[in-house]
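Since the structure comes first, as structure tokens, the remarks are kept for the end.
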Amino acid sequence: MKLAVLMSDYRTGSDIVDRLSAEKLGIILVGNGVYHAAAKEGGKACPILEKKADFYALTEDFESRGFTADKLDSRVKAVNYGDLVDLIFNDYEKVIWL
Amino acid sequence: MKLAVLMSDYRTGSDIVDRLSAEKLGIILVGNGVYHAAAKEGGKACPILEKKADFYALTEDFESRGFTADKLDSRVKAVNYGDLVDLIFNDYEKVIWL
Amino acid sequence: MATKKLAFVVRSLPYKTEASRLALTHAISSQTVEIYLNDGDLVEASISYVGDGVFNILKNQQAGKHYGITTNEGHAKNTLLLDLKVLICKEDLDKFGLTEENLVMDAEDLGGDMRANIVSYNEIQKEMETADHLLFC
Amino acid sequence: MATKKLAFVVRSLPYKTEASRLALTHAISSQTVEIYLNDGDLVEASISYVGDGVFNILKNQQAGKHYGITTNEGHAKNTLLLDLKVLICKEDLDKFGLTEENLVMDAEDLGGDMRANIVSYNEIQKEMETADHLLFC
Amino acid sequence: MGKLTIGTFSSLVGSMSLDFAVKLSEAAVKKGHKVDFWMSGNATMLAKKGQKAFKDYSFLSKTLQEMLATGNFNITACEACAEARGYHKEDCPDGFQRKSMDWYLASTFEADRVLHIGGD
Amino acid sequence: MGKLTIGTFSSLVGSMSLDFAVKLSEAAVKKGHKVDFWMSGNATMLAKKGQKAFKDYSFLSKTLQEMLATGNFNITACEACAEARGYHKEDCPDGFQRKSMDWYLASTFEADRVLHIGGD
């Protein structure tokens, strides 16, 4: 399946993502999920970014929290709400919110 | 200080509890915090119970979730809402909610 | 004439928030959805419990006695009474040391025939793959 | 004539919930509380940022532009403008690789004199000990 | 053009999850898609008339009315959830509907995509 | 006998944190303590008249009215938070007050214990 995961939290949900598998998997960081792309703990990027998936972060949400696109982990692509609509309709078949 | 911590969540807040220090520390498990006393992962009790503190769990809340007092870790004492009021007023000076 | 398959996946703890309770009540409402659809069209809901979500189906929840609300246990029983497909992740039960005895496995006392299925995560993954839409909570 | 000391401790991330935003606005309201108190009585609020809470005071929050709401950055600046004591946990900044440059440290642009203090967790622990009440969020 | 059904269970003010759902709907409607927006549980807070705009809180009524005007946006509250919160028929904003939960399930039948925002 | 000030910022229905705050108040009032109960943010959902009892949702109005009758319980909503949600004066249940945030801070002045329930 082609699955888009909207990840909206920083401290919960990783246990679920770890197990998800899909032929095509997109992880879209929204809300407080953007800290997965923008924050480092002890100098290390978030382990979730090791997952085999395409990563996106919502511009409106990381900018709201004081980050700019150049602060994101290089594996993560910035998208806006319009892009997100296209991703959901064109690139994936199913969408979940964590 | 004499500090009572009402711990209401299972998956967040432990980072804060780890650092708290008080001459007299009470950790009172309420809401989903009761899983710290009632759930075991991989056969192991929750690490938070290693903390030097007096532990309590709210009877109304663990019973609501399907546990009985005999299922609680032996370090944890069952209390009801009336006992909780007495603990807050008589045994501790400050109360926080996590 | 078509059937759409919805897979509800309960992964959060009960009670603190509304997430899992409302997932169950919405899944149950698949039984009355026909009034909105054309003849022969159907919406079919399954429910899978994974991760912390398995705590939703512990037996003997006393939330009615203490807080005056229906329990998630009661809702889970209703899903079985109404013949919804229910999957419970075995690996997560093992992790928490839970067994059939601890869980709502049927609604026999209410006259239901359906039993919940304890399955490996792979089966839940398959359920997700064959569903038209996924509803996590 | 007495002063009661309240220590607000911000430990949660901004925005997803109301917790930290409302802590800041309530702390600020200590400035107008006298209308409810006897002459000479005071309520004094301090604010400490610990753990994930340090992300509340990042600079350049664009929530106004994107969502039409005032930012936590703005509220944090107001606490400094109004001379509230502000403590930021150094160990947590180090953990996240954050420095003064990233943070709201003063309200100079608005005419404020007060600066936030980056301190070790021990200092925040002392603040908690000398306060009459603790308000975590 | 497709149809997106969004189910929301979050709270209005202070929970940015509900803001997210509204902004996503807006972006979808702008691109010509149809959106069904279901409010259950605490998300029914959106379904109360007379909300005042304050700068500290998100204020979503205006965006919702603009979307309704396009004819491609349908917003419906769980009736029981609303009544439990003391919201009666006369509290319901213009253009909003109130239905039972099966409305949401029915909406998914013809939806191309479903986003169920279950968390609070 | 002491005074307990509880500040609540959670949601009414479905969030058991608010149920907790009400049950704790009830237990304290029964023991003869005074309780000031502050509702801010989404907790102002308690401050809406006409809530209907459903078995799926907690229904706290009755307990609150019983506590008010004792004279040892004071319940006050943040006025701006209420207005942001479309709750006006006429929506406020009998015996409830509406004030600005400094009321909460003032209440802590004479409180023996303060419980600030900040999370949602």
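In the structure tokens, the first chain shown is A, the next is B, and so on; residue numbers restart at 1 for each chain, and ligands run from 1 in the order shown.
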
Report the residues of chain C whose backbone DSSP state falls under helix (DSSP H, G or I), written as a PDB file with N, CA, C and O atoms, in the first residue's frame.
```
ATOM      1  N   ALA C  19     -10.084   9.634  22.470  1.00  0.00           N
ATOM      2  CA  ALA C  19      -9.697   9.033  21.200  1.00  0.00           C
ATOM      3  C   ALA C  19     -10.222   7.605  21.000  1.00  0.00           C
ATOM      4  O   ALA C  19     -10.888   7.308  20.007  1.00  0.00           O
ATOM      5  N   SER C  20      -9.939   6.714  21.941  1.00  0.00           N
ATOM      6  CA  SER C  20     -10.284   5.314  21.687  1.00  0.00           C
ATOM      7  C   SER C  20     -11.777   5.062  21.892  1.00  0.00           C
ATOM      8  O   SER C  20     -12.393   4.307  21.149  1.00  0.00           O
ATOM      9  N   ARG C  21     -12.372   5.717  22.880  1.00  0.00           N
ATOM     10  CA  ARG C  21     -13.806   5.563  23.106  1.00  0.00           C
ATOM     11  C   ARG C  21     -14.598   5.942  21.854  1.00  0.00           C
ATOM     12  O   ARG C  21     -15.492   5.209  21.414  1.00  0.00           O
ATOM     13  N   LEU C  22     -14.257   7.076  21.268  1.00  0.00           N
ATOM     14  CA  LEU C  22     -15.003   7.538  20.102  1.00  0.00           C
ATOM     15  C   LEU C  22     -14.725   6.674  18.875  1.00  0.00           C
ATOM     16  O   LEU C  22     -15.585   6.514  18.017  1.00  0.00           O
ATOM     17  N   ALA C  23     -13.542   6.105  18.789  1.00  0.00           N
ATOM     18  CA  ALA C  23     -13.272   5.176  17.688  1.00  0.00           C
ATOM     19  C   ALA C  23     -14.237   3.998  17.766  1.00  0.00           C
ATOM     20  O   ALA C  23     -14.815   3.573  16.757  1.00  0.00           O
ATOM     21  N   LEU C  24     -14.428   3.472  18.975  1.00  0.00           N
ATOM     22  CA  LEU C  24     -15.311   2.318  19.129  1.00  0.00           C
ATOM     23  C   LEU C  24     -16.756   2.688  18.810  1.00  0.00           C
ATOM     24  O   LEU C  24     -17.447   1.954  18.098  1.00  0.00           O
ATOM     25  N   THR C  25     -17.220   3.838  19.309  1.00  0.00           N
ATOM     26  CA  THR C  25     -18.620   4.195  19.040  1.00  0.00           C
ATOM     27  C   THR C  25     -18.822   4.470  17.548  1.00  0.00           C
ATOM     28  O   THR C  25     -19.863   4.120  16.991  1.00  0.00           O
ATOM     29  N   HIS C  26     -17.842   5.052  16.896  1.00  0.00           N
ATOM     30  CA  HIS C  26     -17.980   5.286  15.457  1.00  0.00           C
ATOM     31  C   HIS C  26     -17.946   3.972  14.671  1.00  0.00           C
ATOM     32  O   HIS C  26     -18.679   3.810  13.704  1.00  0.00           O
ATOM     33  N   ALA C  27     -17.089   3.066  15.087  1.00  0.00           N
ATOM     34  CA  ALA C  27     -17.042   1.760  14.409  1.00  0.00           C
ATOM     35  C   ALA C  27     -18.402   1.064  14.527  1.00  0.00           C
ATOM     36  O   ALA C  27     -18.922   0.509  13.552  1.00  0.00           O
ATOM     37  N   ILE C  28     -18.987   1.152  15.711  1.00  0.00           N
ATOM     38  CA  ILE C  28     -20.296   0.531  15.942  1.00  0.00           C
ATOM     39  C   ILE C  28     -21.362   1.154  15.031  1.00  0.00           C
ATOM     40  O   ILE C  28     -22.259   0.464  14.548  1.00  0.00           O
ATOM     41  N   SER C  29     -21.223   2.441  14.764  1.00  0.00           N
ATOM     42  CA  SER C  29     -22.251   3.119  13.955  1.00  0.00           C
ATOM     43  C   SER C  29     -22.249   2.655  12.503  1.00  0.00           C
ATOM     44  O   SER C  29     -23.138   3.016  11.732  1.00  0.00           O
ATOM     45  N   SER C  30     -21.252   1.847  12.124  1.00  0.00           N
ATOM     46  CA  SER C  30     -21.274   1.273  10.768  1.00  0.00           C
ATOM     47  C   SER C  30     -22.515   0.396  10.581  1.00  0.00           C
ATOM     48  O   SER C  30     -22.949   0.138   9.460  1.00  0.00           O
ATOM     49  N   GLN C  31     -23.104  -0.043  11.696  1.00  0.00           N
ATOM     50  CA  GLN C  31     -24.286  -0.904  11.641  1.00  0.00           C
ATOM     51  C   GLN C  31     -25.543  -0.177  11.185  1.00  0.00           C
ATOM     52  O   GLN C  31     -26.522  -0.809  10.807  1.00  0.00           O
ATOM     53  N   THR C  32     -25.541   1.142  11.284  1.00  0.00           N
ATOM     54  CA  THR C  32     -26.763   1.890  10.953  1.00  0.00           C
ATOM     55  C   THR C  32     -26.540   2.830   9.772  1.00  0.00           C
ATOM     56  O   THR C  32     -27.392   3.650   9.455  1.00  0.00           O
ATOM     57  N   VAL C  33     -25.398   2.671   9.104  1.00  0.00           N
ATOM     58  CA  VAL C  33     -25.029   3.645   8.081  1.00  0.00           C
ATOM     59  C   VAL C  33     -25.880   3.514   6.808  1.00  0.00           C
ATOM     60  O   VAL C  33     -25.990   4.446   6.020  1.00  0.00           O
ATOM     61  N   GLU C  34     -26.512   2.368   6.625  1.00  0.00           N
ATOM     62  CA  GLU C  34     -27.269   2.133   5.387  1.00  0.00           C
ATOM     63  C   GLU C  34     -28.314   3.202   5.085  1.00  0.00           C
ATOM     64  O   GLU C  34     -28.616   3.459   3.925  1.00  0.00           O
ATOM     65  N   ILE C  35     -28.872   3.809   6.132  1.00  0.00           N
ATOM     66  CA  ILE C  35     -29.904   4.830   5.869  1.00  0.00           C
ATOM     67  C   ILE C  35     -29.372   5.975   5.008  1.00  0.00           C
ATOM     68  O   ILE C  35     -30.133   6.657   4.349  1.00  0.00           O
ATOM     69  N   TYR C  36     -28.063   6.152   5.018  1.00  0.00           N
ATOM     70  CA  TYR C  36     -27.470   7.222   4.218  1.00  0.00           C
ATOM     71  C   TYR C  36     -26.996   6.741   2.842  1.00  0.00           C
ATOM     72  O   TYR C  36     -26.564   7.536   2.019  1.00  0.00           O
ATOM     73  N   GLY C  51      -0.232  -1.908  20.466  1.00  0.00           N
ATOM     74  CA  GLY C  51       0.508  -1.080  21.424  1.00  0.00           C
ATOM     75  C   GLY C  51      -0.277  -0.881  22.709  1.00  0.00           C
ATOM     76  O   GLY C  51      -0.928  -1.804  23.211  1.00  0.00           O
ATOM     77  N   ASP C  52      -0.223   0.336  23.251  1.00  0.00           N
ATOM     78  CA  ASP C  52      -0.945   0.645  24.486  1.00  0.00           C
ATOM     79  C   ASP C  52      -2.449   0.434  24.327  1.00  0.00           C
ATOM     80  O   ASP C  52      -3.175   0.327  25.322  1.00  0.00           O
ATOM     81  N   GLY C  53      -2.909   0.395  23.094  1.00  0.00           N
ATOM     82  CA  GLY C  53      -4.333   0.230  22.832  1.00  0.00           C
ATOM     83  C   GLY C  53      -4.936  -1.037  23.419  1.00  0.00           C
ATOM     84  O   GLY C  53      -6.139  -1.090  23.673  1.00  0.00           O
ATOM     85  N   VAL C  54      -4.090  -2.057  23.668  1.00  0.00           N
ATOM     86  CA  VAL C  54      -4.630  -3.312  24.199  1.00  0.00           C
ATOM     87  C   VAL C  54      -5.252  -3.127  25.586  1.00  0.00           C
ATOM     88  O   VAL C  54      -6.097  -3.923  26.005  1.00  0.00           O
ATOM     89  N   PHE C  55      -4.864  -2.067  26.285  1.00  0.00           N
ATOM     90  CA  PHE C  55      -5.449  -1.829  27.623  1.00  0.00           C
ATOM     91  C   PHE C  55      -6.924  -1.414  27.563  1.00  0.00           C
ATOM     92  O   PHE C  55      -7.609  -1.410  28.586  1.00  0.00           O
ATOM     93  N   ASN C  56      -7.396  -1.066  26.368  1.00  0.00           N
ATOM     94  CA  ASN C  56      -8.813  -0.719  26.241  1.00  0.00           C
ATOM     95  C   ASN C  56      -9.737  -1.897  26.503  1.00  0.00           C
ATOM     96  O   ASN C  56     -10.900  -1.708  26.814  1.00  0.00           O
ATOM     97  N   ILE C  57      -9.219  -3.120  26.336  1.00  0.00           N
ATOM     98  CA  ILE C  57     -10.112  -4.276  26.423  1.00  0.00           C
ATOM     99  C   ILE C  57      -9.863  -5.124  27.659  1.00  0.00           C
ATOM    100  O   ILE C  57     -10.231  -6.296  27.704  1.00  0.00           O
ATOM    101  N   ALA C  63     -15.284   2.164  35.530  1.00  0.00           N
ATOM    102  CA  ALA C  63     -15.475   3.603  35.290  1.00  0.00           C
ATOM    103  C   ALA C  63     -16.931   4.011  35.499  1.00  0.00           C
ATOM    104  O   ALA C  63     -17.222   5.162  35.837  1.00  0.00           O
ATOM    105  N   GLY C  64     -17.842   3.061  35.315  1.00  0.00           N
ATOM    106  CA  GLY C  64     -19.250   3.364  35.572  1.00  0.00           C
ATOM    107  C   GLY C  64     -19.481   3.650  37.042  1.00  0.00           C
ATOM    108  O   GLY C  64     -20.078   4.657  37.418  1.00  0.00           O
ATOM    109  N   LYS C  65     -18.948   2.775  37.875  1.00  0.00           N
ATOM    110  CA  LYS C  65     -19.105   2.929  39.322  1.00  0.00           C
ATOM    111  C   LYS C  65     -18.468   4.232  39.813  1.00  0.00           C
ATOM    112  O   LYS C  65     -19.045   4.970  40.596  1.00  0.00           O
ATOM    113  N   HIS C  66     -17.267   4.534  39.332  1.00  0.00           N
ATOM    114  CA  HIS C  66     -16.534   5.666  39.891  1.00  0.00           C
ATOM    115  C   HIS C  66     -16.825   6.994  39.198  1.00  0.00           C
ATOM    116  O   HIS C  66     -16.779   8.043  39.815  1.00  0.00           O
ATOM    117  N   TYR C  67     -17.076   6.962  37.904  1.00  0.00           N
ATOM    118  CA  TYR C  67     -17.223   8.213  37.164  1.00  0.00           C
ATOM    119  C   TYR C  67     -18.547   8.329  36.405  1.00  0.00           C
ATOM    120  O   TYR C  67     -18.764   9.307  35.683  1.00  0.00           O
ATOM    121  N   ASN C  72     -14.960   1.460  28.295  1.00  0.00           N
ATOM    122  CA  ASN C  72     -14.457   1.004  27.001  1.00  0.00           C
ATOM    123  C   ASN C  72     -14.647  -0.505  26.872  1.00  0.00           C
ATOM    124  O   ASN C  72     -14.847  -1.024  25.772  1.00  0.00           O
ATOM    125  N   GLU C  73     -14.611  -1.191  28.007  1.00  0.00           N
ATOM    126  CA  GLU C  73     -14.914  -2.625  28.023  1.00  0.00           C
ATOM    127  C   GLU C  73     -16.310  -2.868  27.438  1.00  0.00           C
ATOM    128  O   GLU C  73     -16.490  -3.748  26.584  1.00  0.00           O
ATOM    129  N   GLY C  74     -17.280  -2.079  27.894  1.00  0.00           N
ATOM    130  CA  GLY C  74     -18.650  -2.231  27.394  1.00  0.00           C
ATOM    131  C   GLY C  74     -18.739  -1.968  25.896  1.00  0.00           C
ATOM    132  O   GLY C  74     -19.402  -2.702  25.153  1.00  0.00           O
ATOM    133  N   HIS C  75     -18.048  -0.924  25.436  1.00  0.00           N
ATOM    134  CA  HIS C  75     -18.055  -0.633  23.996  1.00  0.00           C
ATOM    135  C   HIS C  75     -17.404  -1.771  23.210  1.00  0.00           C
ATOM    136  O   HIS C  75     -17.867  -2.148  22.137  1.00  0.00           O
ATOM    137  N   ALA C  76     -16.312  -2.292  23.742  1.00  0.00           N
ATOM    138  CA  ALA C  76     -15.611  -3.383  23.063  1.00  0.00           C
ATOM    139  C   ALA C  76     -16.531  -4.601  22.952  1.00  0.00           C
ATOM    140  O   ALA C  76     -16.560  -5.283  21.921  1.00  0.00           O
ATOM    141  N   LYS C  77     -17.275  -4.854  24.011  1.00  0.00           N
ATOM    142  CA  LYS C  77     -18.216  -5.974  23.987  1.00  0.00           C
ATOM    143  C   LYS C  77     -19.279  -5.749  22.908  1.00  0.00           C
ATOM    144  O   LYS C  77     -19.649  -6.679  22.184  1.00  0.00           O
ATOM    145  N   ASN C  78     -19.761  -4.517  22.819  1.00  0.00           N
ATOM    146  CA  ASN C  78     -20.768  -4.220  21.796  1.00  0.00           C
ATOM    147  C   ASN C  78     -20.259  -4.447  20.374  1.00  0.00           C
ATOM    148  O   ASN C  78     -21.004  -4.870  19.496  1.00  0.00           O
ATOM    149  N   THR C  79     -18.996  -4.172  20.138  1.00  0.00           N
ATOM    150  CA  THR C  79     -18.464  -4.415  18.786  1.00  0.00           C
ATOM    151  C   THR C  79     -18.548  -5.904  18.459  1.00  0.00           C
ATOM    152  O   THR C  79     -18.822  -6.267  17.313  1.00  0.00           O
ATOM    153  N   LEU C  80     -18.331  -6.754  19.456  1.00  0.00           N
ATOM    154  CA  LEU C  80     -18.409  -8.204  19.235  1.00  0.00           C
ATOM    155  C   LEU C  80     -19.856  -8.657  19.093  1.00  0.00           C
ATOM    156  O   LEU C  80     -20.178  -9.492  18.249  1.00  0.00           O
ATOM    157  N   LEU C  81     -20.722  -8.080  19.913  1.00  0.00           N
ATOM    158  CA  LEU C  81     -22.143  -8.407  19.831  1.00  0.00           C
ATOM    159  C   LEU C  81     -22.676  -8.099  18.426  1.00  0.00           C
ATOM    160  O   LEU C  81     -23.530  -8.809  17.901  1.00  0.00           O
ATOM    161  N   LYS C  90      -0.891  -9.923  19.288  1.00  0.00           N
ATOM    162  CA  LYS C  90      -0.303 -10.889  20.216  1.00  0.00           C
ATOM    163  C   LYS C  90       1.019 -10.387  20.803  1.00  0.00           C
ATOM    164  O   LYS C  90       1.280 -10.535  22.001  1.00  0.00           O
ATOM    165  N   GLU C  91       1.861  -9.796  19.970  1.00  0.00           N
ATOM    166  CA  GLU C  91       3.156  -9.333  20.460  1.00  0.00           C
ATOM    167  C   GLU C  91       2.981  -8.310  21.588  1.00  0.00           C
ATOM    168  O   GLU C  91       3.762  -8.288  22.547  1.00  0.00           O
ATOM    169  N   ASP C  92       1.977  -7.466  21.454  1.00  0.00           N
ATOM    170  CA  ASP C  92       1.769  -6.450  22.491  1.00  0.00           C
ATOM    171  C   ASP C  92       1.214  -7.065  23.770  1.00  0.00           C
ATOM    172  O   ASP C  92       1.582  -6.665  24.871  1.00  0.00           O
ATOM    173  N   LEU C  93       0.335  -8.053  23.627  1.00  0.00           N
ATOM    174  CA  LEU C  93      -0.141  -8.767  24.818  1.00  0.00           C
ATOM    175  C   LEU C  93       1.035  -9.415  25.536  1.00  0.00           C
ATOM    176  O   LEU C  93       1.170  -9.320  26.752  1.00  0.00           O
ATOM    177  N   ASP C  94       1.910 -10.056  24.761  1.00  0.00           N
ATOM    178  CA  ASP C  94       3.072 -10.699  25.363  1.00  0.00           C
ATOM    179  C   ASP C  94       3.950  -9.678  26.085  1.00  0.00           C
ATOM    180  O   ASP C  94       4.420  -9.917  27.191  1.00  0.00           O
ATOM    181  N   LYS C  95       4.140  -8.543  25.441  1.00  0.00           N
ATOM    182  CA  LYS C  95       4.982  -7.500  26.048  1.00  0.00           C
ATOM    183  C   LYS C  95       4.447  -7.095  27.417  1.00  0.00           C
ATOM    184  O   LYS C  95       5.206  -6.911  28.367  1.00  0.00           O
ATOM    185  N   PHE C  96       3.127  -6.961  27.515  1.00  0.00           N
ATOM    186  CA  PHE C  96       2.535  -6.513  28.779  1.00  0.00           C
ATOM    187  C   PHE C  96       2.127  -7.691  29.684  1.00  0.00           C
ATOM    188  O   PHE C  96       1.539  -7.474  30.739  1.00  0.00           O
ATOM    189  N   GLU C 100      -5.658 -14.002  27.292  1.00  0.00           N
ATOM    190  CA  GLU C 100      -7.101 -14.057  27.032  1.00  0.00           C
ATOM    191  C   GLU C 100      -7.943 -13.827  28.276  1.00  0.00           C
ATOM    192  O   GLU C 100      -8.979 -13.181  28.225  1.00  0.00           O
ATOM    193  N   GLU C 101      -7.498 -14.438  29.381  1.00  0.00           N
ATOM    194  CA  GLU C 101      -8.291 -14.340  30.615  1.00  0.00           C
ATOM    195  C   GLU C 101      -8.513 -12.899  31.052  1.00  0.00           C
ATOM    196  O   GLU C 101      -9.491 -12.576  31.710  1.00  0.00           O
ATOM    197  N   ASN C 102      -7.551 -12.020  30.730  1.00  0.00           N
ATOM    198  CA  ASN C 102      -7.664 -10.635  31.168  1.00  0.00           C
ATOM    199  C   ASN C 102      -8.569  -9.796  30.275  1.00  0.00           C
ATOM    200  O   ASN C 102      -8.864  -8.657  30.601  1.00  0.00           O
ATOM    201  N   GLU C 108     -20.662 -13.307  24.761  1.00  0.00           N
ATOM    202  CA  GLU C 108     -21.546 -14.453  24.982  1.00  0.00           C
ATOM    203  C   GLU C 108     -22.665 -14.151  25.970  1.00  0.00           C
ATOM    204  O   GLU C 108     -23.811 -14.543  25.779  1.00  0.00           O
ATOM    205  N   ASP C 109     -22.309 -13.443  27.035  1.00  0.00           N
ATOM    206  CA  ASP C 109     -23.310 -13.144  28.069  1.00  0.00           C
ATOM    207  C   ASP C 109     -24.446 -12.280  27.522  1.00  0.00           C
ATOM    208  O   ASP C 109     -25.524 -12.226  28.098  1.00  0.00           O
ATOM    209  N   LEU C 110     -24.204 -11.601  26.414  1.00  0.00           N
ATOM    210  CA  LEU C 110     -25.248 -10.775  25.805  1.00  0.00           C
ATOM    211  C   LEU C 110     -25.884 -11.490  24.608  1.00  0.00           C
ATOM    212  O   LEU C 110     -26.715 -10.930  23.900  1.00  0.00           O
ATOM    213  N   TYR C 121       1.179  -9.281  14.683  1.00  0.00           N
ATOM    214  CA  TYR C 121       1.092  -7.962  14.064  1.00  0.00           C
ATOM    215  C   TYR C 121       0.967  -8.055  12.545  1.00  0.00           C
ATOM    216  O   TYR C 121       0.303  -7.231  11.914  1.00  0.00           O
ATOM    217  N   ASN C 122       1.564  -9.076  11.963  1.00  0.00           N
ATOM    218  CA  ASN C 122       1.465  -9.277  10.515  1.00  0.00           C
ATOM    219  C   ASN C 122       0.029  -9.337  10.016  1.00  0.00           C
ATOM    220  O   ASN C 122      -0.285  -8.851   8.922  1.00  0.00           O
ATOM    221  N   GLU C 123      -0.823  -9.980  10.795  1.00  0.00           N
ATOM    222  CA  GLU C 123      -2.228 -10.084  10.404  1.00  0.00           C
ATOM    223  C   GLU C 123      -2.888  -8.705  10.429  1.00  0.00           C
ATOM    224  O   GLU C 123      -3.752  -8.398   9.602  1.00  0.00           O
ATOM    225  N   ILE C 124      -2.494  -7.904  11.392  1.00  0.00           N
ATOM    226  CA  ILE C 124      -3.071  -6.558  11.495  1.00  0.00           C
ATOM    227  C   ILE C 124      -2.575  -5.709  10.323  1.00  0.00           C
ATOM    228  O   ILE C 124      -3.320  -4.942   9.719  1.00  0.00           O
ATOM    229  N   GLN C 125      -1.321  -5.899   9.987  1.00  0.00           N
ATOM    230  CA  GLN C 125      -0.763  -5.223   8.810  1.00  0.00           C
ATOM    231  C   GLN C 125      -1.567  -5.602   7.553  1.00  0.00           C
ATOM    232  O   GLN C 125      -1.907  -4.738   6.734  1.00  0.00           O
ATOM    233  N   LYS C 126      -1.902  -6.887   7.422  1.00  0.00           N
ATOM    234  CA  LYS C 126      -2.704  -7.326   6.257  1.00  0.00           C
ATOM    235  C   LYS C 126      -4.078  -6.681   6.272  1.00  0.00           C
ATOM    236  O   LYS C 126      -4.604  -6.285   5.224  1.00  0.00           O
ATOM    237  N   GLU C 127      -4.689  -6.623   7.454  1.00  0.00           N
ATOM    238  CA  GLU C 127      -5.999  -5.983   7.590  1.00  0.00           C
ATOM    239  C   GLU C 127      -5.917  -4.528   7.106  1.00  0.00           C
ATOM    240  O   GLU C 127      -6.808  -4.037   6.406  1.00  0.00           O
ATOM    241  N   MET C 128      -4.815  -3.870   7.453  1.00  0.00           N
ATOM    242  CA  MET C 128      -4.631  -2.486   7.035  1.00  0.00           C
ATOM    243  C   MET C 128      -4.494  -2.389   5.517  1.00  0.00           C
ATOM    244  O   MET C 128      -4.971  -1.444   4.895  1.00  0.00           O
ATOM    245  N   GLU C 129      -3.819  -3.377   4.951  1.00  0.00           N
ATOM    246  CA  GLU C 129      -3.589  -3.343   3.499  1.00  0.00           C
ATOM    247  C   GLU C 129      -4.867  -3.566   2.693  1.00  0.00           C
ATOM    248  O   GLU C 129      -5.040  -2.985   1.620  1.00  0.00           O
ATOM    249  N   THR C 130      -5.747  -4.395   3.227  1.00  0.00           N
ATOM    250  CA  THR C 130      -6.973  -4.684   2.466  1.00  0.00           C
ATOM    251  C   THR C 130      -8.087  -3.662   2.736  1.00  0.00           C
ATOM    252  O   THR C 130      -9.089  -3.669   2.038  1.00  0.00           O
TER     253      THR C 130
END
```

Enumerate, in order of chain and increasing residue number, the residues of chain E with an atom no farther than 7 Å from chain D, each with its shortest atom pair and distance in Å to one decimal, counting only C-alpha atoms, as a Markdown table.
```
| residue | atom | partner | partner_atom | distance |
| --- | --- | --- | --- | --- |
| E:Gly14 | CA | D:Glu18 | CA | 4.4 |
| E:Ser15 | CA | D:Thr17 | CA | 4.6 |
| E:Met16 | CA | D:Lys16 | CA | 5.1 |
| E:Ser17 | CA | D:Lys16 | CA | 6.9 |
| E:Lys55 | CA | D:Ile69 | CA | 5.4 |
| E:Asp56 | CA | D:Thr70 | CA | 5.2 |
| E:Tyr57 | CA | D:Ile69 | CA | 5.7 |
| E:Ser58 | CA | D:Ile69 | CA | 5.7 |
```

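What separates atom CA of F:Thr70 from atom CA of B:Phe89 is a distance of 20.0 Å.
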
(message) I need the chain F residues near chain E as a ChimeraX atom specification; criterion: at most 6 Å, counting only C-alpha atoms.
(response) /F:49-52,83-86

(request) For chain A, report every residue with an atom at most 8 Å from chain D (counting only C-alpha atoms), formatted as a ChimeraX atom specification. (result) /A:31-32,39-43,60-61,63-67

Quick one: contact table of chain F to chain B, 9 Å max, nearest atom pair and distance in Å to one decimal per residue, counting only C-alpha atoms, chain and number order, as CSV?
```
residue,atom,partner,partner_atom,distance
F:Met1,CA,B:Phe89,CA,9.0
F:Gly2,CA,B:Phe89,CA,7.4
F:Leu4,CA,B:Phe89,CA,8.7
F:Met16,CA,B:Gly31,CA,7.0
F:Ser17,CA,B:Gly31,CA,7.1
F:Phe20,CA,B:Gly31,CA,7.8
F:Lys23,CA,B:Tyr81,CA,7.2
F:Leu24,CA,B:Tyr81,CA,6.0
F:Ser25,CA,B:Val85,CA,8.7
F:Glu26,CA,B:Tyr81,CA,8.8
F:Ala27,CA,B:Gly82,CA,5.3
F:Ala28,CA,B:Val85,CA,5.8
F:Lys30,CA,B:Gly82,CA,8.6
F:Lys31,CA,B:Gly82,CA,7.9
F:Asp112,CA,B:Phe89,CA,7.8
F:Arg113,CA,B:Lys94,CA,6.5
F:Val114,CA,B:Val95,CA,6.7
F:Leu115,CA,B:Val95,CA,5.9
F:His116,CA,B:Trp97,CA,6.5
F:Ile117,CA,B:Trp97,CA,5.7
F:Gly118,CA,B:Trp97,CA,7.3
F:Gly119,CA,B:Leu98,CA,7.4
```

Under the rule of at most 12 Å, produce a per-residue listing of chain B near chain A: chain, number, name, the closest pair of atoms, and the distance in Å, as JSON lines, using only C-alpha atoms.
```
{"residue": "B:Asp9", "atom": "CA", "partner": "A:Thr12", "partner_atom": "CA", "distance": 11.7}
{"residue": "B:Tyr10", "atom": "CA", "partner": "A:Thr12", "partner_atom": "CA", "distance": 10.6}
{"residue": "B:Arg11", "atom": "CA", "partner": "A:Thr12", "partner_atom": "CA", "distance": 7.2}
{"residue": "B:Thr12", "atom": "CA", "partner": "A:Arg11", "partner_atom": "CA", "distance": 7.2}
{"residue": "B:Gly13", "atom": "CA", "partner": "A:Arg11", "partner_atom": "CA", "distance": 10.0}
{"residue": "B:Ser14", "atom": "CA", "partner": "A:Arg11", "partner_atom": "CA", "distance": 11.5}
{"residue": "B:Asp15", "atom": "CA", "partner": "A:Arg11", "partner_atom": "CA", "distance": 11.2}
```
